[in-house]
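Pasted below: upload27.txt, compact mmCIF, C-alpha atoms.
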# COMPACT_ATOMS: atom_id res chain seq x y z
CA MET C 1 71.03 84.68 68.48
CA LYS C 2 71.46 81.07 69.34
CA ARG C 3 71.07 78.32 66.69
CA PRO C 4 68.33 75.79 67.24
CA GLY C 5 69.48 72.91 69.18
CA PRO C 6 69.77 69.35 67.99
CA LEU C 7 66.46 68.56 69.55
CA LEU C 8 64.61 70.93 67.28
CA THR C 9 66.41 69.60 64.25
CA LEU C 10 65.41 66.05 65.12
CA LEU C 11 61.80 67.11 65.67
CA ALA C 12 61.64 68.85 62.33
CA GLY C 13 62.98 65.73 60.62
CA LEU C 14 60.37 63.55 62.26
CA LEU C 15 57.56 65.90 61.21
CA ALA C 16 58.80 65.94 57.61
CA GLY C 17 58.99 62.15 57.56
CA ALA C 18 55.47 61.80 58.97
CA PHE C 19 54.16 64.26 56.36
CA LEU C 20 55.75 62.33 53.49
CA LEU C 21 54.43 59.02 54.84
CA ALA C 22 50.90 60.40 55.09
CA LEU C 23 51.14 61.78 51.57
CA ASN C 24 52.26 58.44 50.19
CA VAL C 25 49.40 56.60 51.88
CA THR C 26 46.85 59.11 50.58
CA THR C 27 47.98 59.11 46.95
CA GLY C 28 48.94 55.42 46.74
CA THR C 29 46.98 53.11 44.39
CA LYS C 30 45.11 50.26 45.79
CA SER C 31 45.91 46.89 44.42
CA ALA C 32 43.25 45.85 41.98
CA PRO C 33 41.14 42.99 43.20
CA SER C 34 41.82 39.76 41.46
CA SER C 35 39.34 39.44 38.65
CA SER C 36 37.53 36.17 38.64
CA SER C 37 36.68 34.80 35.21
CA PRO C 38 32.91 34.85 34.53
CA SER C 39 31.23 31.51 34.94
CA PRO C 40 30.27 30.05 31.57
CA LEU C 41 26.62 30.30 30.56
CA PRO C 42 24.75 27.04 30.78
CA SER C 43 24.67 25.38 27.38
CA SER C 44 21.28 25.20 25.69
CA PRO C 45 19.92 21.65 25.58
CA THR C 46 20.29 20.02 22.20
CA PRO C 47 16.84 19.84 20.65
CA LYS C 48 15.68 16.30 20.19
CA SER C 49 14.89 15.34 16.66
CA SER C 50 11.34 14.28 16.12
CA PRO C 51 11.11 10.56 15.46
CA SER C 52 10.41 9.83 11.86
CA PRO C 53 7.00 8.26 11.32
CA SER C 54 7.13 4.55 10.83
CA SER C 55 6.85 3.64 7.20
CA SER C 56 3.52 2.09 6.33
CA PRO C 57 2.98 -0.25 3.45
CA SER C 58 1.99 1.57 0.33
CA LYS C 59 -1.71 1.38 -0.33
CA VAL C 60 -3.29 0.88 -3.72
CA PRO C 61 -6.81 2.19 -4.27
CA VAL C 62 -8.93 -0.91 -4.87
CA PRO C 63 -11.74 0.00 -7.29
CA ASN C 64 -15.02 -1.78 -7.80
CA ALA C 65 -14.25 -3.05 -11.27
CA GLY C 66 -13.93 -6.05 -13.55
CA TYR C 67 -10.84 -7.44 -15.33
CA ALA C 68 -10.52 -10.01 -18.09
CA GLY C 69 -7.74 -11.43 -20.24
CA ARG C 70 -5.92 -14.45 -21.57
CA THR C 71 -3.20 -16.61 -20.11
CA ASP C 72 0.30 -16.01 -21.45
CA ASP C 73 0.19 -19.29 -23.41
CA ASP C 74 -3.22 -18.25 -24.87
CA SER C 75 -4.76 -21.55 -23.78
CA SER C 76 -7.32 -20.16 -21.32
CA ALA C 77 -9.03 -17.03 -20.06
CA VAL C 78 -9.18 -15.41 -16.63
CA ALA C 79 -11.66 -12.86 -15.29
CA VAL C 80 -11.67 -11.12 -11.90
CA THR C 81 -14.34 -8.93 -10.32
CA LEU C 82 -13.52 -6.68 -7.34
CA ARG C 83 -16.13 -5.37 -4.92
CA ASP C 84 -15.43 -3.62 -1.59
CA GLY C 85 -12.07 -5.31 -1.03
CA ARG C 86 -13.30 -8.76 -2.04
CA ALA C 87 -12.63 -10.63 -5.28
CA ILE C 88 -14.18 -13.42 -7.32
CA ALA C 89 -12.33 -14.95 -10.27
CA TYR C 90 -13.03 -17.48 -12.97
CA PHE C 91 -10.51 -19.53 -14.92
CA CYS C 92 -11.59 -21.65 -17.87
CA ASP C 93 -10.23 -23.07 -21.10
CA GLY C 94 -13.60 -23.03 -22.89
CA ARG C 95 -13.78 -26.84 -23.03
CA ALA C 96 -13.66 -28.65 -19.69
CA LYS C 97 -11.15 -27.07 -17.29
CA GLU C 98 -12.52 -24.37 -15.02
CA SER C 99 -12.41 -23.02 -11.49
CA TRP C 100 -14.21 -20.36 -9.46
CA LEU C 101 -11.99 -18.67 -6.87
CA LYS C 102 -12.64 -16.15 -4.08
CA GLY C 103 -10.72 -14.15 -1.49
CA ASP C 104 -9.70 -10.73 -0.16
CA VAL C 105 -7.71 -7.96 -1.80
CA LYS C 106 -5.02 -6.47 0.47
CA ASP C 107 -4.25 -2.77 0.81
CA ASP C 108 -1.17 -3.15 -1.38
CA GLY C 109 -3.28 -4.60 -4.22
CA THR C 110 -2.19 -8.21 -3.84
CA MET C 111 -4.64 -11.08 -3.63
CA ARG C 112 -4.65 -14.81 -3.03
CA LEU C 113 -7.89 -16.43 -4.16
CA THR C 114 -8.74 -20.06 -3.61
CA GLY C 115 -11.17 -22.50 -5.18
CA LYS C 116 -12.12 -26.15 -5.16
CA ALA C 117 -9.61 -28.99 -5.55
CA GLY C 118 -6.75 -26.76 -4.38
CA SER C 119 -6.86 -24.23 -7.21
CA VAL C 120 -5.15 -20.93 -6.36
CA LEU C 121 -4.92 -17.52 -8.03
CA ASN C 122 -2.15 -15.15 -6.94
CA GLY C 123 -2.46 -11.70 -8.44
CA THR C 124 -1.42 -8.06 -8.11
CA LEU C 125 -3.50 -5.04 -9.03
CA GLU C 126 -1.41 -2.58 -11.05
CA GLU C 127 -2.54 1.07 -10.83
CA GLY C 128 -6.14 -0.10 -10.96
CA GLU C 129 -5.84 -0.83 -14.69
CA ARG C 130 -4.82 -4.48 -14.84
CA ILE C 131 -4.19 -7.59 -12.78
CA ARG C 132 -1.12 -9.73 -13.37
CA GLY C 133 -0.71 -13.07 -11.73
CA THR C 134 -0.80 -16.84 -11.94
CA VAL C 135 -3.36 -19.61 -11.58
CA ASP C 136 -2.49 -23.09 -10.33
CA ILE C 137 -5.12 -25.68 -11.26
CA ASP C 138 -5.05 -29.43 -11.85
CA GLY C 139 -1.25 -29.49 -11.75
CA GLY C 140 -0.93 -26.70 -14.34
CA HIS C 141 0.61 -23.27 -13.77
CA TYR C 142 -0.71 -20.40 -15.89
CA ALA C 143 0.52 -16.80 -15.95
CA PHE C 144 -2.03 -14.23 -17.07
CA THR C 145 -2.77 -10.54 -17.58
CA ALA C 146 -6.34 -9.27 -17.17
CA ASP C 147 -7.12 -5.71 -18.27
CA ARG C 148 -9.87 -3.56 -16.83
CA THR C 149 -13.14 -4.12 -18.65
CA LYS C 150 -16.04 -1.98 -19.74
CA LYS C 151 -19.53 -3.36 -20.12
CA PRO C 152 -20.59 -5.60 -21.70
CA SER C 153 -17.16 -7.23 -21.21
CA GLY C 154 -16.65 -9.03 -17.92
CA LEU C 155 -17.58 -12.11 -15.93
CA TYR C 156 -21.02 -13.77 -16.03
CA ARG C 157 -22.60 -16.75 -14.30
CA ALA C 158 -25.88 -18.68 -14.41
CA THR C 159 -26.95 -21.40 -11.98
CA THR C 160 -30.33 -23.13 -12.17
CA THR C 161 -32.05 -26.43 -12.86
CA VAL C 162 -33.01 -27.39 -16.42
CA ARG C 163 -34.96 -30.61 -17.10
CA GLY C 164 -33.93 -31.98 -13.72
CA ALA C 165 -30.19 -31.28 -14.26
CA GLU C 166 -28.16 -28.89 -12.12
CA ILE C 167 -26.74 -26.22 -14.44
CA ASP C 168 -23.75 -24.06 -13.59
CA GLY C 169 -22.36 -21.91 -16.37
CA GLY C 170 -19.52 -19.43 -16.40
CA TRP C 171 -18.67 -16.96 -19.18
CA ILE C 172 -15.79 -14.56 -19.73
CA VAL C 173 -16.52 -11.85 -22.28
CA LEU C 174 -13.18 -10.42 -23.36
CA PRO C 175 -12.66 -6.77 -24.34
CA ASP C 176 -12.42 -7.77 -28.03
CA GLY C 177 -15.86 -9.47 -27.85
CA ARG C 178 -14.66 -13.08 -27.76
CA GLN C 179 -16.36 -15.38 -25.25
CA VAL C 180 -14.86 -18.25 -23.27
CA GLY C 181 -17.07 -20.38 -21.05
CA VAL C 182 -17.82 -23.77 -19.58
CA LEU C 183 -21.26 -25.16 -18.77
CA THR C 184 -21.61 -28.07 -16.34
CA ARG C 185 -24.66 -30.34 -16.20
CA ASP C 186 -24.74 -32.32 -13.00
CA GLY C 187 -20.99 -31.82 -12.69
CA LYS C 188 -20.13 -32.76 -16.30
CA PRO C 189 -18.34 -29.88 -18.11
CA SER C 190 -18.77 -28.90 -21.76
CA PRO C 191 -18.23 -25.75 -23.87
CA ALA C 192 -20.82 -23.12 -22.92
CA PRO C 193 -23.22 -21.69 -25.52
CA ARG C 194 -22.86 -18.02 -26.33
CA ILE C 195 -24.69 -15.45 -24.28
CA ASP C 196 -26.02 -12.09 -25.35
CA PRO C 197 -23.67 -9.82 -23.34
CA GLU C 198 -26.12 -6.93 -23.50
CA THR C 199 -28.90 -8.86 -21.78
CA GLY C 200 -27.21 -12.02 -20.46
CA ALA C 201 -29.73 -14.18 -22.32
CA VAL C 202 -28.62 -17.74 -23.16
CA THR C 203 -30.46 -20.86 -24.24
CA VAL C 204 -29.59 -24.14 -22.53
CA ASP C 205 -31.31 -27.37 -23.63
CA GLY C 206 -34.15 -25.39 -25.19
CA GLN C 207 -34.73 -23.27 -22.09
CA GLN C 208 -33.81 -19.59 -21.97
CA LEU C 209 -31.71 -18.53 -18.99
CA THR C 210 -30.15 -15.27 -17.89
CA ALA C 211 -26.47 -15.08 -17.08
CA ARG C 212 -25.75 -12.26 -14.66
CA PRO C 213 -22.52 -10.39 -13.80
CA ALA C 214 -20.66 -12.35 -11.13
CA ALA C 215 -19.81 -10.51 -7.89
CA PRO C 216 -17.99 -11.57 -4.71
Represent the structure of the file as structure tokens.
Amino acid sequence: MKRPGPLLTLLAGLLAGAFLLALNVTTGTKSAPSSSSPSPLPSSPTPKSSPSPSSSPSKVPVPNAGYAGRTDDDSSAVAVTLRDGRAIAYFCDGRAKESWLKGDVKDDGTMRLTGKAGSVLNGTLEEGERIRGTVDIDGGHYAFTADRTKKPSGLYRATTTVRGAEIDGGWIVLPDGRQVGVLTRDGKPSPAPRIDPETGAVTVDGQQLTARPAAP
């Protein structure tokens, strides 16, 4: 028998090479696709802090009440009556010096009351129980403390005509029962006679009058 010729040997080699090449392509691993890094999640917006409410001035309940007391030097008396955010005050020394003053009470309890001849009362309501302040009158400066009163203590006034004279009387009844007042006849001041604080009755020049609680 004749051996296969060189041509057959070459053909067999080519077939074997093609088979191995096909096998390599079939079983070969594909290159992994390049992994792209995930895009970052959008950051949550930072919550805005609520603006703090603007601070408002502290308010002090302003009662409808009366206050009375002495000046720090014990030379005079001061009474103040509050009604619906308004105030009337009376300063007197029980002899000749006196002044009626009026004005508003602010939400923080402070007040600036004014009267004739430039008299001024500056005061502050403290927890509704007392008023501390000063009175400037006739060149004098007087510090005072007026405590809350209970009837019959408080501020009284009587204005009328007696025997042709214009009468204007003011009385401060202090919590301890003492009275301080000035009565003017046609503008001339003098110590006021005592009143009955329960009824307001007072006798002036032989005529009976009624002093009533003073209000703004």
TODO: Go through C:Gly169, C:Pro61, C:Gly94, C:Pro216 and flag the residue nearest Thr203 in chain C, using all atoms listed in the file for the distances.
DONE: C:Gly169
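Using only C-alpha atoms, the contacts of Leu113 in chain C at a cut-off of 6 Å, with sequence neighbours closer than 3 positions omitted, comprise Leu101, Lys102, Gly103, Val120 and Leu121 of chain C.
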Open item on the list: Please list as a list in words every residue within 7 Å of range 145-154 of chain C, counting only C-alpha atoms and excluding residues in the same chain fewer than 4 positions away.
Closed with: Gly66, Tyr67, Ala68, Gly69, Arg70, Thr71, Val78, Ala79, Glu129, Arg130, Ile131, Arg132, Gly133, Ile172, Val173, Leu174, Pro175, Pro197 and Glu198 of chain C
Saved selection, atoms kept: C-alpha atoms, as a JSON list (two decimals), in the coordinates of the input:
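In the end it all went to again-v6.json:
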[["chain", "number", "residue", "atom", "x", "y", "z"],
["C", 66, "GLY", "CA", -13.93, -6.05, -13.55],
["C", 67, "TYR", "CA", -10.84, -7.44, -15.33],
["C", 68, "ALA", "CA", -10.52, -10.01, -18.09],
["C", 69, "GLY", "CA", -7.74, -11.43, -20.24],
["C", 70, "ARG", "CA", -5.92, -14.45, -21.57],
["C", 71, "THR", "CA", -3.20, -16.61, -20.11],
["C", 78, "VAL", "CA", -9.18, -15.41, -16.63],
["C", 79, "ALA", "CA", -11.66, -12.86, -15.29],
["C", 129, "GLU", "CA", -5.84, -0.83, -14.69],
["C", 130, "ARG", "CA", -4.82, -4.48, -14.84],
["C", 131, "ILE", "CA", -4.19, -7.59, -12.78],
["C", 132, "ARG", "CA", -1.12, -9.73, -13.37],
["C", 133, "GLY", "CA", -0.71, -13.07, -11.73],
["C", 172, "ILE", "CA", -15.79, -14.56, -19.73],
["C", 173, "VAL", "CA", -16.52, -11.85, -22.28],
["C", 174, "LEU", "CA", -13.18, -10.42, -23.36],
["C", 175, "PRO", "CA", -12.66, -6.77, -24.34],
["C", 197, "PRO", "CA", -23.67, -9.82, -23.34],
["C", 198, "GLU", "CA", -26.12, -6.93, -23.50]]
- [ ] Considering all atoms listed in the file, state which residue in the set C:Gln207, C:Thr110, C:Gln179, C:Ser75 is at the smallest distance from Ile167 in chain C.
- [x] C:Gln207
TODO: Mind checking which residues fall within 12 Å of Gly139 in chain C, counting only C-alpha atoms, ignoring those fewer than 4 positions away in the same chain, and posting them as a PyMOL selection string?
DONE: chain C and resi 97+117-120+135
Those same residues - C-alpha atoms - I'd like them written as a PDB file, in the frame of the given file.
ATOM      1  CA  LYS C  97     -11.150 -27.070 -17.290  1.00  0.00           C
ATOM      2  CA  ALA C 117      -9.610 -28.990  -5.550  1.00  0.00           C
ATOM      3  CA  GLY C 118      -6.750 -26.760  -4.380  1.00  0.00           C
ATOM      4  CA  SER C 119      -6.860 -24.230  -7.210  1.00  0.00           C
ATOM      5  CA  VAL C 120      -5.150 -20.930  -6.360  1.00  0.00           C
ATOM      6  CA  VAL C 135      -3.360 -19.610 -11.580  1.00  0.00           C
TER       7      VAL C 135
END
- [ ] Considering all atoms listed in the file, state which residue in the set C:Ala158, C:Val202, C:Val80, C:Ala215 is at the smallest distance from Asn122 in chain C.
- [x] C:Val80
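Distance check against Pro191 in chain C using all atoms listed in the file: of C:Glu126, C:Asp176, C:Glu98, C:Asp107, the minimum falls on C:Glu98.
Counting from CA of Thr134 in chain C, the distance to CA of Asp186 in chain C is 28.5 Å.
Considering all atoms listed in the file, the residue among C:Met111, C:Ala143, C:Ile195, C:Ala96 positioned nearest to Val62 in chain C is C:Met111.
Going from CA of Arg163 in chain C to CA of Pro213 in chain C covers 24.0 Å.
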- [ ] Dig up all the protein and nucleic acid residues within 10 Å of (-17.2, -28.0, -24.1) in the file frame, using all atoms listed in the file, and format them as a PyMOL selection string.
- [x] chain C and resi 93-97+181-184+188-193
Write a file of the just-selected residues containing C-alpha atoms, as a PDB file, in the frame of the given file.
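For reference, again.pdb as written:
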ATOM      1  CA  ASP C  93     -10.230 -23.070 -21.100  1.00  0.00           C
ATOM      2  CA  GLY C  94     -13.600 -23.030 -22.890  1.00  0.00           C
ATOM      3  CA  ARG C  95     -13.780 -26.840 -23.030  1.00  0.00           C
ATOM      4  CA  ALA C  96     -13.660 -28.650 -19.690  1.00  0.00           C
ATOM      5  CA  LYS C  97     -11.150 -27.070 -17.290  1.00  0.00           C
ATOM      6  CA  GLY C 181     -17.070 -20.380 -21.050  1.00  0.00           C
ATOM      7  CA  VAL C 182     -17.820 -23.770 -19.580  1.00  0.00           C
ATOM      8  CA  LEU C 183     -21.260 -25.160 -18.770  1.00  0.00           C
ATOM      9  CA  THR C 184     -21.610 -28.070 -16.340  1.00  0.00           C
ATOM     10  CA  LYS C 188     -20.130 -32.760 -16.300  1.00  0.00           C
ATOM     11  CA  PRO C 189     -18.340 -29.880 -18.110  1.00  0.00           C
ATOM     12  CA  SER C 190     -18.770 -28.900 -21.760  1.00  0.00           C
ATOM     13  CA  PRO C 191     -18.230 -25.750 -23.870  1.00  0.00           C
ATOM     14  CA  ALA C 192     -20.820 -23.120 -22.920  1.00  0.00           C
ATOM     15  CA  PRO C 193     -23.220 -21.690 -25.520  1.00  0.00           C
TER      16      PRO C 193
END
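In this model, the gap between CA of Asp136 in chain C and CA of Ala211 in chain C comes to 26.2 Å.
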Please enclose the listed atoms of range 166-180 of chain C in an axis-aligned box, pad each side by 8 Å, and write out the centre and the three edge lengths in Å, rounded to one decimal, as AutoDock Vina command-line options.
--center_x -20.3 --center_y -17.8 --center_z -20.1 --size_x 31.7 --size_y 38.1 --size_z 31.9
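Ranking C:Gly123, C:Arg185, C:Val204, C:Thr160 by their shortest atom-to-atom distance to Tyr142 in chain C, with all atoms listed in the file included, puts C:Gly123 first.
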